[in-house]
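Shown next: start_37.cif, given as mmCIF, C-alpha atoms and all ligand atoms.
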```cif
data_structure
#
loop_
_atom_site.label_atom_id
_atom_site.label_comp_id
_atom_site.auth_asym_id
_atom_site.auth_seq_id
_atom_site.Cartn_x
_atom_site.Cartn_y
_atom_site.Cartn_z
CA MET P 1 -6.63 -4.37 9.74
CA ALA P 2 -4.69 -6.85 7.53
CA LEU P 3 -1.52 -4.92 6.79
CA THR P 4 0.57 -6.24 3.94
CA ALA P 5 4.26 -6.09 3.02
CA GLY P 6 4.89 -5.81 -0.73
CA ILE P 7 7.87 -7.51 -2.36
CA VAL P 8 9.28 -5.01 -4.84
CA GLY P 9 12.29 -4.94 -7.16
CA LEU P 10 13.59 -5.19 -10.72
CA PRO P 11 12.39 -8.13 -12.86
CA ASN P 12 14.00 -11.54 -12.32
CA VAL P 13 15.84 -10.70 -9.09
CA GLY P 14 14.15 -13.47 -7.08
CA LYS P 15 11.01 -11.80 -5.72
CA SER P 16 8.70 -14.74 -6.39
CA THR P 17 11.33 -17.20 -5.16
CA LEU P 18 11.44 -15.26 -1.92
CA PHE P 19 7.64 -15.04 -1.77
CA ASN P 20 7.38 -18.80 -2.29
CA ALA P 21 9.93 -19.44 0.38
CA ILE P 22 8.00 -17.21 2.75
CA THR P 23 4.55 -18.54 2.07
CA LYS P 24 5.26 -21.89 0.46
CA ALA P 25 2.26 -20.84 -1.56
CA GLY P 26 3.63 -21.65 -4.99
CA ALA P 27 3.40 -18.30 -6.75
CA GLU P 28 4.44 -18.70 -10.37
CA MET P 29 8.16 -18.67 -10.80
CA ALA P 30 10.31 -18.78 -13.91
CA ASN P 31 13.63 -17.64 -15.30
CA TYR P 32 12.26 -14.88 -17.48
CA PRO P 33 11.24 -11.31 -16.70
CA PHE P 34 7.58 -10.61 -15.88
CA ALA P 35 6.71 -14.12 -14.71
CA THR P 36 4.45 -12.45 -12.18
CA ILE P 37 1.59 -10.47 -13.66
CA ASP P 38 -1.03 -10.33 -10.96
CA PRO P 39 0.02 -9.62 -7.43
CA ASN P 40 0.05 -12.73 -5.32
CA VAL P 41 -1.00 -12.46 -1.76
CA GLY P 42 0.11 -14.98 0.84
CA MET P 43 -0.11 -15.44 4.57
CA VAL P 44 3.05 -16.05 6.58
CA GLU P 45 3.44 -17.54 9.99
CA VAL P 46 5.56 -15.45 12.33
CA PRO P 47 8.31 -17.63 13.80
CA ASP P 48 8.39 -16.89 17.53
CA LYS P 49 10.38 -18.97 20.01
CA ARG P 50 8.44 -17.39 22.88
CA LEU P 51 5.44 -19.58 21.97
CA ASP P 52 7.45 -22.75 22.67
CA ARG P 53 8.57 -21.46 26.03
CA ILE P 54 5.02 -20.42 27.01
CA GLN P 55 3.74 -23.84 25.96
CA GLU P 56 6.42 -25.46 28.10
CA ILE P 57 5.31 -23.52 31.20
CA ILE P 58 1.55 -23.42 30.55
CA PRO P 59 0.77 -26.45 28.39
CA ALA P 60 -2.23 -26.18 26.07
CA LYS P 61 -3.78 -28.64 23.63
CA LYS P 62 -2.26 -26.81 20.67
CA VAL P 63 -0.02 -23.89 19.76
CA VAL P 64 -1.13 -21.35 17.16
CA PRO P 65 1.36 -18.84 15.74
CA THR P 66 0.17 -15.52 14.37
CA THR P 67 0.24 -14.60 10.70
CA PHE P 68 0.45 -11.59 8.43
CA GLU P 69 0.38 -10.87 4.74
CA PHE P 70 2.96 -10.58 1.96
CA THR P 71 2.19 -9.49 -1.59
CA ASP P 72 4.41 -10.53 -4.50
CA ILE P 73 4.56 -7.70 -7.04
CA ALA P 74 5.79 -7.88 -10.63
CA GLY P 75 9.15 -6.38 -11.58
CA ILE P 76 9.46 -2.64 -11.99
CA VAL P 77 11.72 -1.39 -14.79
CA LYS P 78 13.32 1.92 -15.70
CA GLY P 79 10.58 4.13 -17.12
CA ALA P 80 7.82 2.38 -15.14
CA SER P 81 6.46 5.72 -13.95
CA LYS P 82 6.01 6.61 -17.63
CA GLY P 83 4.26 3.32 -18.33
CA GLU P 84 7.18 1.11 -19.39
CA GLY P 85 6.78 -2.63 -18.76
CA LEU P 86 3.19 -2.34 -17.52
CA GLY P 87 4.72 0.11 -15.09
CA ASN P 88 1.66 2.05 -14.08
CA LYS P 89 -0.22 -1.07 -13.10
CA PHE P 90 2.67 -2.39 -11.04
CA LEU P 91 3.22 0.93 -9.32
CA GLU P 92 -0.50 0.88 -8.47
CA ASN P 93 0.07 -2.53 -6.82
CA ILE P 94 2.76 -0.96 -4.66
CA ARG P 95 0.36 1.80 -3.68
CA GLN P 96 -1.87 -0.85 -2.05
CA VAL P 97 0.79 -2.21 0.32
CA ASP P 98 1.76 -0.86 3.74
CA ALA P 99 5.51 -1.47 3.61
CA ILE P 100 8.07 -2.27 0.95
CA VAL P 101 10.44 -5.23 0.98
CA HIS P 102 12.89 -4.16 -1.72
CA VAL P 103 14.65 -7.21 -3.19
CA VAL P 104 18.00 -6.65 -4.85
CA ARG P 105 19.96 -9.20 -6.88
CA ALA P 106 23.18 -10.00 -5.03
CA PHE P 107 24.25 -13.26 -6.67
CA ASP P 108 26.23 -14.10 -9.81
CA ASP P 109 24.72 -16.59 -12.23
CA ASP P 110 25.24 -16.32 -15.98
CA ASN P 111 22.19 -18.50 -16.60
CA ILE P 112 19.85 -16.03 -14.98
CA THR P 113 19.12 -12.92 -16.99
CA HIS P 114 19.59 -9.56 -15.38
CA VAL P 115 17.51 -6.85 -17.08
CA THR P 116 20.47 -4.48 -17.37
CA GLY P 117 22.94 -7.22 -18.23
CA LYS P 118 25.07 -6.82 -15.09
CA VAL P 119 24.76 -7.32 -11.36
CA ASP P 120 24.98 -3.87 -9.77
CA PRO P 121 23.01 -3.54 -6.53
CA GLN P 122 23.58 0.21 -6.10
CA ASP P 123 22.38 0.97 -9.62
CA ASP P 124 19.43 -1.43 -9.27
CA ILE P 125 18.23 0.16 -6.03
CA GLU P 126 18.57 3.65 -7.48
CA THR P 127 16.59 2.64 -10.59
CA ILE P 128 13.65 1.43 -8.52
CA ASN P 129 13.75 4.31 -6.08
CA LEU P 130 13.89 6.83 -8.93
CA GLU P 131 10.74 5.35 -10.49
CA LEU P 132 8.95 5.46 -7.15
CA SER P 133 10.00 9.11 -6.68
CA LEU P 134 8.89 10.06 -10.19
CA ALA P 135 5.50 8.43 -9.67
CA ASP P 136 5.16 10.36 -6.40
CA LEU P 137 6.22 13.59 -8.04
CA GLU P 138 3.52 13.17 -10.64
CA ALA P 139 0.90 12.48 -7.97
CA VAL P 140 2.07 15.50 -5.97
CA ASP P 141 1.90 17.79 -9.01
CA LYS P 142 -1.64 16.65 -9.80
CA ARG P 143 -2.70 17.23 -6.22
CA LEU P 144 -0.95 20.62 -6.11
CA ALA P 145 -2.91 21.87 -9.11
CA LYS P 146 -6.18 21.03 -7.33
CA VAL P 147 -5.23 22.21 -3.88
CA GLN P 148 -3.64 25.47 -4.98
CA ARG P 149 -7.00 26.64 -6.34
CA ALA P 150 -8.92 25.59 -3.22
CA ALA P 151 -6.31 27.16 -0.92
CA LYS P 152 -6.86 30.62 -2.41
CA GLY P 153 -10.18 30.84 -0.55
CA SER P 154 -10.78 30.21 3.14
CA ASP P 155 -10.45 26.42 2.88
CA LYS P 156 -8.29 25.59 5.91
CA GLU P 157 -7.78 21.95 4.97
CA ALA P 158 -6.60 22.90 1.52
CA LYS P 159 -4.12 25.36 3.01
CA ALA P 160 -2.74 22.69 5.33
CA GLU P 161 -2.41 20.20 2.49
CA LEU P 162 -0.78 22.81 0.28
CA ALA P 163 1.91 23.39 2.90
CA VAL P 164 2.58 19.65 3.10
CA LEU P 165 2.76 19.29 -0.69
CA GLN P 166 5.13 22.24 -0.92
CA LYS P 167 7.41 20.55 1.57
CA ILE P 168 7.30 17.19 -0.21
CA LYS P 169 7.89 18.38 -3.77
CA PRO P 170 11.42 19.80 -3.42
CA ALA P 171 12.45 16.79 -1.34
CA LEU P 172 11.34 14.40 -4.08
CA GLU P 173 13.10 16.55 -6.67
CA ALA P 174 16.27 16.25 -4.63
CA GLY P 175 15.92 12.45 -4.63
CA LYS P 176 14.77 12.15 -1.01
CA PRO P 177 12.00 9.68 -0.19
CA VAL P 178 8.97 11.15 1.62
CA ARG P 179 9.59 8.82 4.56
CA SER P 180 12.81 10.73 5.30
CA LEU P 181 10.84 13.93 6.06
CA GLU P 182 9.56 14.88 9.50
CA PHE P 183 5.93 15.92 9.99
CA ASN P 184 3.81 16.76 13.00
CA GLU P 185 0.86 14.50 13.78
CA ASP P 186 -1.73 16.45 11.80
CA ASP P 187 0.52 16.64 8.77
CA GLN P 188 1.27 12.93 9.07
CA GLN P 189 -2.42 12.27 8.51
CA ILE P 190 -2.34 14.42 5.39
CA VAL P 191 0.72 12.57 4.10
CA LYS P 192 -1.00 9.25 4.77
CA GLY P 193 -3.96 10.37 2.67
CA LEU P 194 -1.67 11.00 -0.30
CA PHE P 195 -0.71 7.29 -0.55
CA LEU P 196 2.77 8.12 -1.80
CA LEU P 197 5.07 5.23 -2.65
CA THR P 198 8.17 6.68 -1.03
CA SER P 199 6.31 7.39 2.22
CA LYS P 200 6.09 3.67 2.94
CA PRO P 201 8.67 2.13 5.27
CA VAL P 202 11.28 0.05 3.46
CA LEU P 203 13.47 -2.97 4.18
CA TYR P 204 16.25 -3.88 1.73
CA VAL P 205 16.81 -7.56 1.02
CA ALA P 206 19.98 -8.66 -0.75
CA ASN P 207 19.24 -11.93 -2.53
CA ILE P 208 22.62 -13.58 -2.02
CA ALA P 209 24.23 -16.78 -3.28
CA GLU P 210 23.98 -19.97 -1.26
CA ASP P 211 27.73 -19.76 -0.56
CA ASP P 212 27.23 -16.50 1.32
CA MET P 213 24.36 -17.77 3.43
CA ALA P 214 26.37 -18.50 6.55
CA ASP P 215 27.95 -15.06 6.46
CA PRO P 216 26.14 -12.49 4.28
CA GLU P 217 28.67 -9.83 5.35
CA ASN P 218 31.17 -11.71 3.19
CA SER P 219 29.27 -10.84 0.03
CA LYS P 220 30.52 -7.66 -1.65
CA TYR P 221 27.03 -7.19 -3.07
CA PHE P 222 25.44 -7.43 0.35
CA GLN P 223 27.85 -4.77 1.61
CA VAL P 224 26.67 -2.37 -1.10
CA VAL P 225 23.02 -2.95 -0.17
CA ALA P 226 23.78 -2.58 3.54
CA ASP P 227 25.62 0.70 2.97
CA TYR P 228 22.79 2.10 0.87
CA ALA P 229 20.22 1.12 3.50
CA LYS P 230 22.32 2.62 6.25
CA GLN P 231 22.58 6.07 4.69
CA GLU P 232 18.77 6.01 4.45
CA GLY P 233 18.31 4.85 8.03
CA ALA P 234 16.78 1.60 6.77
CA GLN P 235 17.61 -2.03 7.55
CA ALA P 236 19.21 -4.54 5.17
CA ILE P 237 19.10 -8.33 5.35
CA GLY P 238 20.92 -10.93 3.25
CA VAL P 239 18.79 -13.90 2.22
CA ALA P 240 19.60 -16.67 -0.27
CA ALA P 241 16.09 -16.89 -1.69
CA GLU P 242 16.57 -19.98 -3.80
CA THR P 243 18.13 -21.98 -1.00
CA GLU P 244 15.56 -20.70 1.49
CA GLU P 245 12.85 -21.98 -0.79
CA GLU P 246 14.44 -25.44 -0.77
CA ILE P 247 14.74 -25.32 3.01
CA ALA P 248 11.11 -24.27 3.40
CA GLU P 249 10.02 -27.50 1.76
CA LEU P 250 11.90 -29.78 4.17
CA ASP P 251 10.39 -31.34 7.28
CA ASP P 252 11.76 -30.22 10.64
CA ASP P 253 14.48 -32.90 10.99
CA ASP P 254 15.84 -32.43 7.46
CA LYS P 255 15.67 -28.69 7.94
CA ALA P 256 17.82 -28.89 11.06
CA ASP P 257 20.36 -31.09 9.25
CA PHE P 258 20.48 -28.78 6.24
CA LEU P 259 20.97 -25.67 8.36
CA ALA P 260 23.70 -27.37 10.37
CA ALA P 261 25.47 -28.35 7.14
CA GLU P 262 25.24 -24.75 5.88
CA GLY P 263 26.50 -23.51 9.23
CA VAL P 264 23.47 -21.38 9.99
CA GLU P 265 21.49 -21.36 13.20
CA GLU P 266 18.19 -20.22 11.80
CA PRO P 267 16.79 -19.70 8.28
CA GLY P 268 17.55 -16.15 7.09
CA LEU P 269 13.91 -16.12 6.15
CA ASN P 270 12.85 -16.02 9.79
CA LYS P 271 14.85 -12.84 10.29
CA LEU P 272 13.25 -11.36 7.20
CA ILE P 273 9.73 -12.25 8.35
CA ARG P 274 10.29 -10.73 11.79
CA ALA P 275 11.88 -7.59 10.32
CA SER P 276 8.93 -7.16 7.92
CA TYR P 277 6.47 -7.59 10.78
CA LYS P 278 8.25 -4.87 12.69
CA LEU P 279 8.45 -2.68 9.60
CA LEU P 280 4.64 -2.82 9.41
CA GLY P 281 4.44 -1.64 13.02
CA LEU P 282 3.04 -4.97 14.17
CA GLU P 283 3.51 -6.52 17.61
CA THR P 284 2.38 -9.71 19.34
CA PHE P 285 0.42 -10.55 22.47
CA PHE P 286 -0.28 -14.07 23.71
CA THR P 287 -3.15 -15.99 25.24
CA ALA P 288 -2.03 -19.13 27.06
CA GLY P 289 -3.23 -22.44 28.39
CA GLY P 290 -6.44 -24.48 28.01
CA LYS P 291 -7.45 -25.18 24.45
CA GLU P 292 -4.65 -23.26 22.80
CA THR P 293 -1.62 -21.12 23.40
CA ARG P 294 -1.79 -18.51 20.75
CA ALA P 295 0.00 -15.48 19.36
CA TRP P 296 -2.09 -12.51 18.18
CA THR P 297 -1.06 -9.57 16.05
CA PHE P 298 -1.85 -5.98 16.96
CA LYS P 299 -0.81 -2.62 15.64
CA ARG P 300 1.72 -0.82 17.86
CA GLY P 301 -0.15 1.54 20.21
CA THR P 302 -3.36 -0.53 20.42
CA LYS P 303 -5.24 -0.29 23.73
CA ALA P 304 -6.46 -3.29 25.71
CA PRO P 305 -10.17 -3.26 24.67
CA GLN P 306 -9.30 -3.10 20.97
CA ALA P 307 -6.73 -5.86 21.43
CA ALA P 308 -9.46 -7.94 23.09
CA GLY P 309 -11.63 -7.23 20.05
CA ILE P 310 -9.04 -8.90 17.83
CA ILE P 311 -9.94 -12.18 19.54
CA HIS P 312 -13.70 -11.60 19.57
CA SER P 313 -15.92 -8.54 19.22
CA ASP P 314 -17.75 -9.52 22.45
CA PHE P 315 -14.46 -9.21 24.33
CA GLU P 316 -14.21 -5.59 23.25
CA ARG P 317 -17.88 -4.72 23.73
CA GLY P 318 -18.01 -6.16 27.24
CA PHE P 319 -14.40 -5.36 28.22
CA ILE P 320 -13.88 -5.10 31.98
CA ARG P 321 -10.13 -5.44 32.42
CA ALA P 322 -7.06 -7.31 31.27
CA GLU P 323 -4.89 -9.50 33.48
CA VAL P 324 -1.41 -9.11 32.07
CA MET P 325 2.04 -10.52 32.66
CA SER P 326 4.98 -9.90 30.41
CA TYR P 327 6.61 -12.79 28.60
CA ASP P 328 9.89 -11.93 30.32
CA ALA P 329 8.28 -12.15 33.76
CA LEU P 330 6.89 -15.61 32.98
CA ASP P 331 10.12 -16.78 31.40
CA GLU P 332 12.08 -15.70 34.45
CA ALA P 333 9.62 -17.04 37.03
CA GLY P 334 9.04 -20.37 35.30
CA SER P 335 5.43 -20.67 36.47
CA GLU P 336 2.26 -18.58 36.65
CA ALA P 337 2.11 -19.01 40.41
CA LYS P 338 5.62 -17.62 40.75
CA VAL P 339 4.73 -14.64 38.56
CA LYS P 340 1.89 -13.80 40.98
CA GLU P 341 4.15 -14.32 43.97
CA ASN P 342 6.62 -11.88 42.41
CA GLY P 343 3.82 -9.33 42.09
CA LYS P 344 4.20 -9.34 38.30
CA LEU P 345 0.58 -10.07 37.39
CA ARG P 346 -1.04 -6.73 36.56
CA LEU P 347 -4.67 -5.66 36.29
CA GLU P 348 -4.98 -3.19 33.43
CA GLY P 349 -7.97 -1.06 32.39
CA LYS P 350 -9.35 0.31 29.15
CA ASP P 351 -6.56 2.86 28.65
CA TYR P 352 -3.74 0.35 28.87
CA VAL P 353 -1.52 0.37 25.78
CA MET P 354 -0.63 -3.21 24.86
CA GLN P 355 3.05 -4.16 24.84
CA ASP P 356 4.81 -6.68 22.65
CA GLY P 357 5.11 -9.94 24.59
CA ASP P 358 2.13 -9.38 26.90
CA ILE P 359 0.45 -12.60 28.01
CA VAL P 360 -3.17 -11.69 28.60
CA GLU P 361 -6.44 -12.91 29.99
CA PHE P 362 -9.31 -10.56 29.18
CA ARG P 363 -12.23 -10.20 31.61
CA PHE P 364 -15.47 -9.26 29.93
CA ASN P 365 -19.19 -9.28 30.44
CA VAL P 366 -21.83 -9.23 27.70
N1 LIG P 401 19.80 -16.51 -4.52
C1 LIG P 401 19.65 -17.02 -5.78
N2 LIG P 401 20.69 -17.65 -6.38
C2 LIG P 401 20.54 -18.16 -7.62
N3 LIG P 401 19.41 -18.13 -8.34
C3 LIG P 401 18.34 -17.51 -7.79
C4 LIG P 401 18.39 -16.94 -6.47
N4 LIG P 401 17.18 -16.41 -6.20
C5 LIG P 401 16.41 -16.64 -7.28
N5 LIG P 401 17.08 -17.30 -8.24
C6 LIG P 401 16.57 -17.68 -9.58
O1 LIG P 401 16.31 -16.50 -10.33
C7 LIG P 401 15.24 -16.69 -11.25
C8 LIG P 401 14.22 -15.59 -11.14
O2 LIG P 401 13.52 -15.70 -9.91
P1 LIG P 401 12.02 -15.17 -9.71
O3 LIG P 401 11.09 -15.73 -10.70
O4 LIG P 401 11.73 -15.40 -8.27
O5 LIG P 401 12.22 -13.60 -9.99
P2 LIG P 401 11.17 -12.39 -9.87
O6 LIG P 401 11.90 -11.27 -9.27
O7 LIG P 401 9.93 -12.85 -9.21
O8 LIG P 401 10.89 -12.08 -11.43
P3 LIG P 401 9.64 -11.30 -12.12
O9 LIG P 401 9.95 -9.86 -11.98
O10 LIG P 401 9.74 -11.77 -13.52
O11 LIG P 401 8.40 -11.72 -11.42
C9 LIG P 401 14.69 -18.07 -10.95
O12 LIG P 401 15.22 -18.97 -11.90
C10 LIG P 401 15.25 -18.40 -9.56
O13 LIG P 401 15.38 -19.77 -9.35
MG MG P 402 7.95 -12.87 -9.89
#
```

Take the structure in the file and give it back as structure tokens.
Amino acid sequence: MALTAGIVGLPNVGKSTLFNAITKAGAEMANYPFATIDPNVGMVEVPDKRLDRIQEIIPAKKVVPTTFEFTDIAGIVKGASKGEGLGNKFLENIRQVDAIVHVVRAFDDDNITHVTGKVDPQDDIETINLELSLADLEAVDKRLAKVQRAAKGSDKEAKAELAVLQKIKPALEAGKPVRSLEFNEDDQQIVKGLFLLTSKPVLYVANIAEDDMADPENSKYFQVVADYAKQEGAQAIGVAAETEEEIAELDDDDKADFLAAEGVEEPGLNKLIRASYKLLGLETFFTAGGKETRAWTFKRGTKAPQAAGIIHSDFERGFIRAEVMSYDALDEAGSEAKVKENGKLRLEGKDYVMQDGDIVEFRFNV
């Protein structure tokens, strides 16, 4: 499964700083463009307060959060779709990811080079999105040439794909990302098979100054990013990447002190990680008690046997049923016994669609 969120943006806007903060993995970082050449892949823990509460009610020997993947991608420049700045290679890296975290410079600092020489979030976003659209347009044209020939005969699949391509092309030409178009389920599968860059879900991240951390809305740059995201129906988050990276290195006590001094309740990073997880269509179920209380990641819409298979293939093969209570039911009741008493422990079969926050015990027989 392993879905990955790709960190995308102009050179030197703080992508690797953000990646390091997220993963504490130490991807190369430097104050010059193109510090990142190969994509760096890192695992992130998903911060989830529900785990602490479950552990409080049903104590286990240890608590294990769930993880997912981020990929740090090198900076894209104007002309990338025509091969500028190793553009083709970097666009190819974006093709491999499942969602785009688009980082935009939203801080002033004369010591840190901006590729265009000025901080202009609107212009920066449009530059990147134009390159992604141009790359898609080229891919669509190539595909059209092939499919048009095949569709002249009785090839039904080619005809269906042709219709999809003919819908996508004018949209791209008008500057609309493919993700803004509506398709029925069959056509969605065709679109998926095209691996277009602008069909991937996007989250905009304004990399703000430390001074704006407590209140990103105060930053004029953040406002620009938020407005752009809004007209696209996307989400925007303000994160001070450099400061977040410093915070990520502190132990829990120092972290709490630092955040208190900055006047923030929670690292902006946590919000970003959760938003990215959601952007990828990922949700969490829990197993509780005994050896470990643990969070597990599943793709939205997964049914109980396949969710069981995430823990162990035997659980899926020999699936009998799932005993499920929602996190909210446990939180409210305060004990497992009380959940049962309230009639909130459910027996679910093989067609049950898993819900975010389900606390599950799978029954199986192999
Ligand atoms: N919020 C911020 N405020 C001030 N400086 C920052 C902030 N975020 C990052 N920086 C600084 O900006 C510089 C560039 O950061 P980084 O190397 O992460 O950029 P990048 O987008 O990964 O670049 P490349 O495209 O070259 O890989 C670094 O010196 C970093 O410390
Ligand atoms: Mg980098």

Within 6 Å of segment 192-216 of chain P, which residues of segment 239-291 of chain P show up? Give each one with its shortest atom-to-atom distance in Å (one decimal) and the two atoms involved, counting only C-alpha atoms, rows by chain then rising residue number, as CSV.
```
residue,atom,partner,partner_atom,distance
P:Val239,CA,P:Asn207,CA,5.2
P:Ala240,CA,P:Ile208,CA,4.7
P:Ala241,CA,P:Asn207,CA,5.9
P:Gly263,CA,P:Ala214,CA,5.7
P:Val264,CA,P:Ala214,CA,5.3
```

When you count only C-alpha atoms, which of these residues is closest to Gly9 of chain P: P:Glu173, P:Glu126, P:Glu56, P:Glu45?
P:Glu126

Could you tell me how far atom CA of Lys167 of chain P sits from atom CA of Leu181 of chain P, in Å to one decimal place?
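Computing it gives 8.7 Å between the two atoms.
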
Among listed residues P:Glu316, P:Lys340, P:Phe107, P:Glu292, nearest Lys61 of chain P (using only C-alpha atoms)
P:Glu292

Would you list the residues near (7.2, -23.2, 26.8) (no more than 12 Å away, in the coordinates of the file, using all atoms listed in the file) as a PyMOL selection string?
chain P and resi 48-60+62-63+288-289+293-294+327+330-332+334-336

Leu259 of chain P surroundings by all atoms listed in the file, 12 Å radius, close-in-sequence under 5 positions cut, as an MDAnalysis selection string:
chainID P and resid 210 213:214 243:244 246:248 250 252:254 264:268

Could you please determine the separation between atom N4 of ligand LIG 401 (chain P) and atom CA of Lys118 of chain P in Å, to one decimal place?
15.3 Å

Å distance separating atom CA of Phe286 of chain P from atom CA of Glu348 of chain P, one decimal place
15.3 Å

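With all atoms listed in the file as the atoms that count, the residue of P:Leu10, P:Gly42, P:Ser16, P:Val164 with the shortest distance to Val140 of chain P is P:Val164.
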
Can you sort out the box for ligand LIG 401 (chain P), edges along x, y and z, all listed atoms in, 3 Å on every side, with centre and edge lengths in Å to one decimal, as AutoDock Vina command-line options?
```
--center_x 14.5 --center_y -14.8 --center_z -9.0 --size_x 18.3 --size_y 15.9 --size_z 15.0
```

In terms of all atoms listed in the file, the residue from P:Leu282, P:Leu347, P:Ala80, P:Val366 at minimal distance from Val46 of chain P is P:Leu282

Nearest to ligand LIG 401 (chain P): which of P:Glu157, P:Asp186, P:Glu341, P:Glu242 is it, counting all atoms listed in the file?
P:Glu242

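Closest approach to Ile273 of chain P among P:Asp108, P:Asn184, P:Ile237, P:Lys303: P:Ile237, based on all atoms listed in the file.
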
As a PDB file, in the frame of the given file, please: segment 169-188 of chain P completed to N, CA and C atoms.
```
ATOM      1  N   LYS P 169       7.439  18.277  -2.374  1.00  0.00           N
ATOM      2  CA  LYS P 169       7.890  18.380  -3.770  1.00  0.00           C
ATOM      3  C   LYS P 169       9.405  18.595  -3.910  1.00  0.00           C
ATOM      4  N   PRO P 170       9.964  19.612  -3.246  1.00  0.00           N
ATOM      5  CA  PRO P 170      11.420  19.800  -3.420  1.00  0.00           C
ATOM      6  C   PRO P 170      12.227  18.623  -2.889  1.00  0.00           C
ATOM      7  N   ALA P 171      11.724  17.949  -1.863  1.00  0.00           N
ATOM      8  CA  ALA P 171      12.450  16.790  -1.340  1.00  0.00           C
ATOM      9  C   ALA P 171      12.514  15.702  -2.405  1.00  0.00           C
ATOM     10  N   LEU P 172      11.374  15.421  -3.033  1.00  0.00           N
ATOM     11  CA  LEU P 172      11.340  14.400  -4.080  1.00  0.00           C
ATOM     12  C   LEU P 172      12.264  14.792  -5.232  1.00  0.00           C
ATOM     13  N   GLU P 173      12.243  16.080  -5.570  1.00  0.00           N
ATOM     14  CA  GLU P 173      13.100  16.550  -6.670  1.00  0.00           C
ATOM     15  C   GLU P 173      14.571  16.374  -6.341  1.00  0.00           C
ATOM     16  N   ALA P 174      14.870  16.424  -5.048  1.00  0.00           N
ATOM     17  CA  ALA P 174      16.270  16.250  -4.630  1.00  0.00           C
ATOM     18  C   ALA P 174      16.601  14.774  -4.408  1.00  0.00           C
ATOM     19  N   GLY P 175      15.666  13.882  -4.753  1.00  0.00           N
ATOM     20  CA  GLY P 175      15.920  12.450  -4.630  1.00  0.00           C
ATOM     21  C   GLY P 175      15.714  11.880  -3.238  1.00  0.00           C
ATOM     22  N   LYS P 176      15.021  12.663  -2.377  1.00  0.00           N
ATOM     23  CA  LYS P 176      14.770  12.150  -1.010  1.00  0.00           C
ATOM     24  C   LYS P 176      13.403  11.509  -0.937  1.00  0.00           C
ATOM     25  N   PRO P 177      13.307  10.301  -0.345  1.00  0.00           N
ATOM     26  CA  PRO P 177      12.000   9.680  -0.190  1.00  0.00           C
ATOM     27  C   PRO P 177      11.167  10.453   0.861  1.00  0.00           C
ATOM     28  N   VAL P 178       9.857  10.424   0.700  1.00  0.00           N
ATOM     29  CA  VAL P 178       8.970  11.150   1.620  1.00  0.00           C
ATOM     30  C   VAL P 178       9.134  10.645   3.057  1.00  0.00           C
ATOM     31  N   ARG P 179       9.446   9.359   3.196  1.00  0.00           N
ATOM     32  CA  ARG P 179       9.590   8.820   4.560  1.00  0.00           C
ATOM     33  C   ARG P 179      10.753   9.451   5.317  1.00  0.00           C
ATOM     34  N   SER P 180      11.664  10.117   4.611  1.00  0.00           N
ATOM     35  CA  SER P 180      12.810  10.730   5.300  1.00  0.00           C
ATOM     36  C   SER P 180      12.448  12.106   5.870  1.00  0.00           C
ATOM     37  N   LEU P 181      11.253  12.613   5.566  1.00  0.00           N
ATOM     38  CA  LEU P 181      10.840  13.930   6.060  1.00  0.00           C
ATOM     39  C   LEU P 181      10.135  13.808   7.406  1.00  0.00           C
ATOM     40  N   GLU P 182      10.234  14.892   8.191  1.00  0.00           N
ATOM     41  CA  GLU P 182       9.560  14.880   9.500  1.00  0.00           C
ATOM     42  C   GLU P 182       8.287  15.713   9.420  1.00  0.00           C
ATOM     43  N   PHE P 183       7.200  15.191   9.968  1.00  0.00           N
ATOM     44  CA  PHE P 183       5.930  15.920   9.990  1.00  0.00           C
ATOM     45  C   PHE P 183       5.324  15.840  11.379  1.00  0.00           C
ATOM     46  N   ASN P 184       4.551  16.885  11.746  1.00  0.00           N
ATOM     47  CA  ASN P 184       3.810  16.760  13.000  1.00  0.00           C
ATOM     48  C   ASN P 184       2.620  15.830  12.780  1.00  0.00           C
ATOM     49  N   GLU P 185       1.891  15.529  13.875  1.00  0.00           N
ATOM     50  CA  GLU P 185       0.860  14.500  13.780  1.00  0.00           C
ATOM     51  C   GLU P 185      -0.234  14.820  12.768  1.00  0.00           C
ATOM     52  N   ASP P 186      -0.675  16.077  12.750  1.00  0.00           N
ATOM     53  CA  ASP P 186      -1.730  16.450  11.800  1.00  0.00           C
ATOM     54  C   ASP P 186      -1.244  16.271  10.364  1.00  0.00           C
ATOM     55  N   ASP P 187      -0.028  16.749  10.123  1.00  0.00           N
ATOM     56  CA  ASP P 187       0.520  16.640   8.770  1.00  0.00           C
ATOM     57  C   ASP P 187       0.743  15.178   8.370  1.00  0.00           C
ATOM     58  N   GLN P 188       1.089  14.364   9.361  1.00  0.00           N
ATOM     59  CA  GLN P 188       1.270  12.930   9.070  1.00  0.00           C
ATOM     60  C   GLN P 188       0.004  12.336   8.490  1.00  0.00           C
TER      61      GLN P 188
END
```
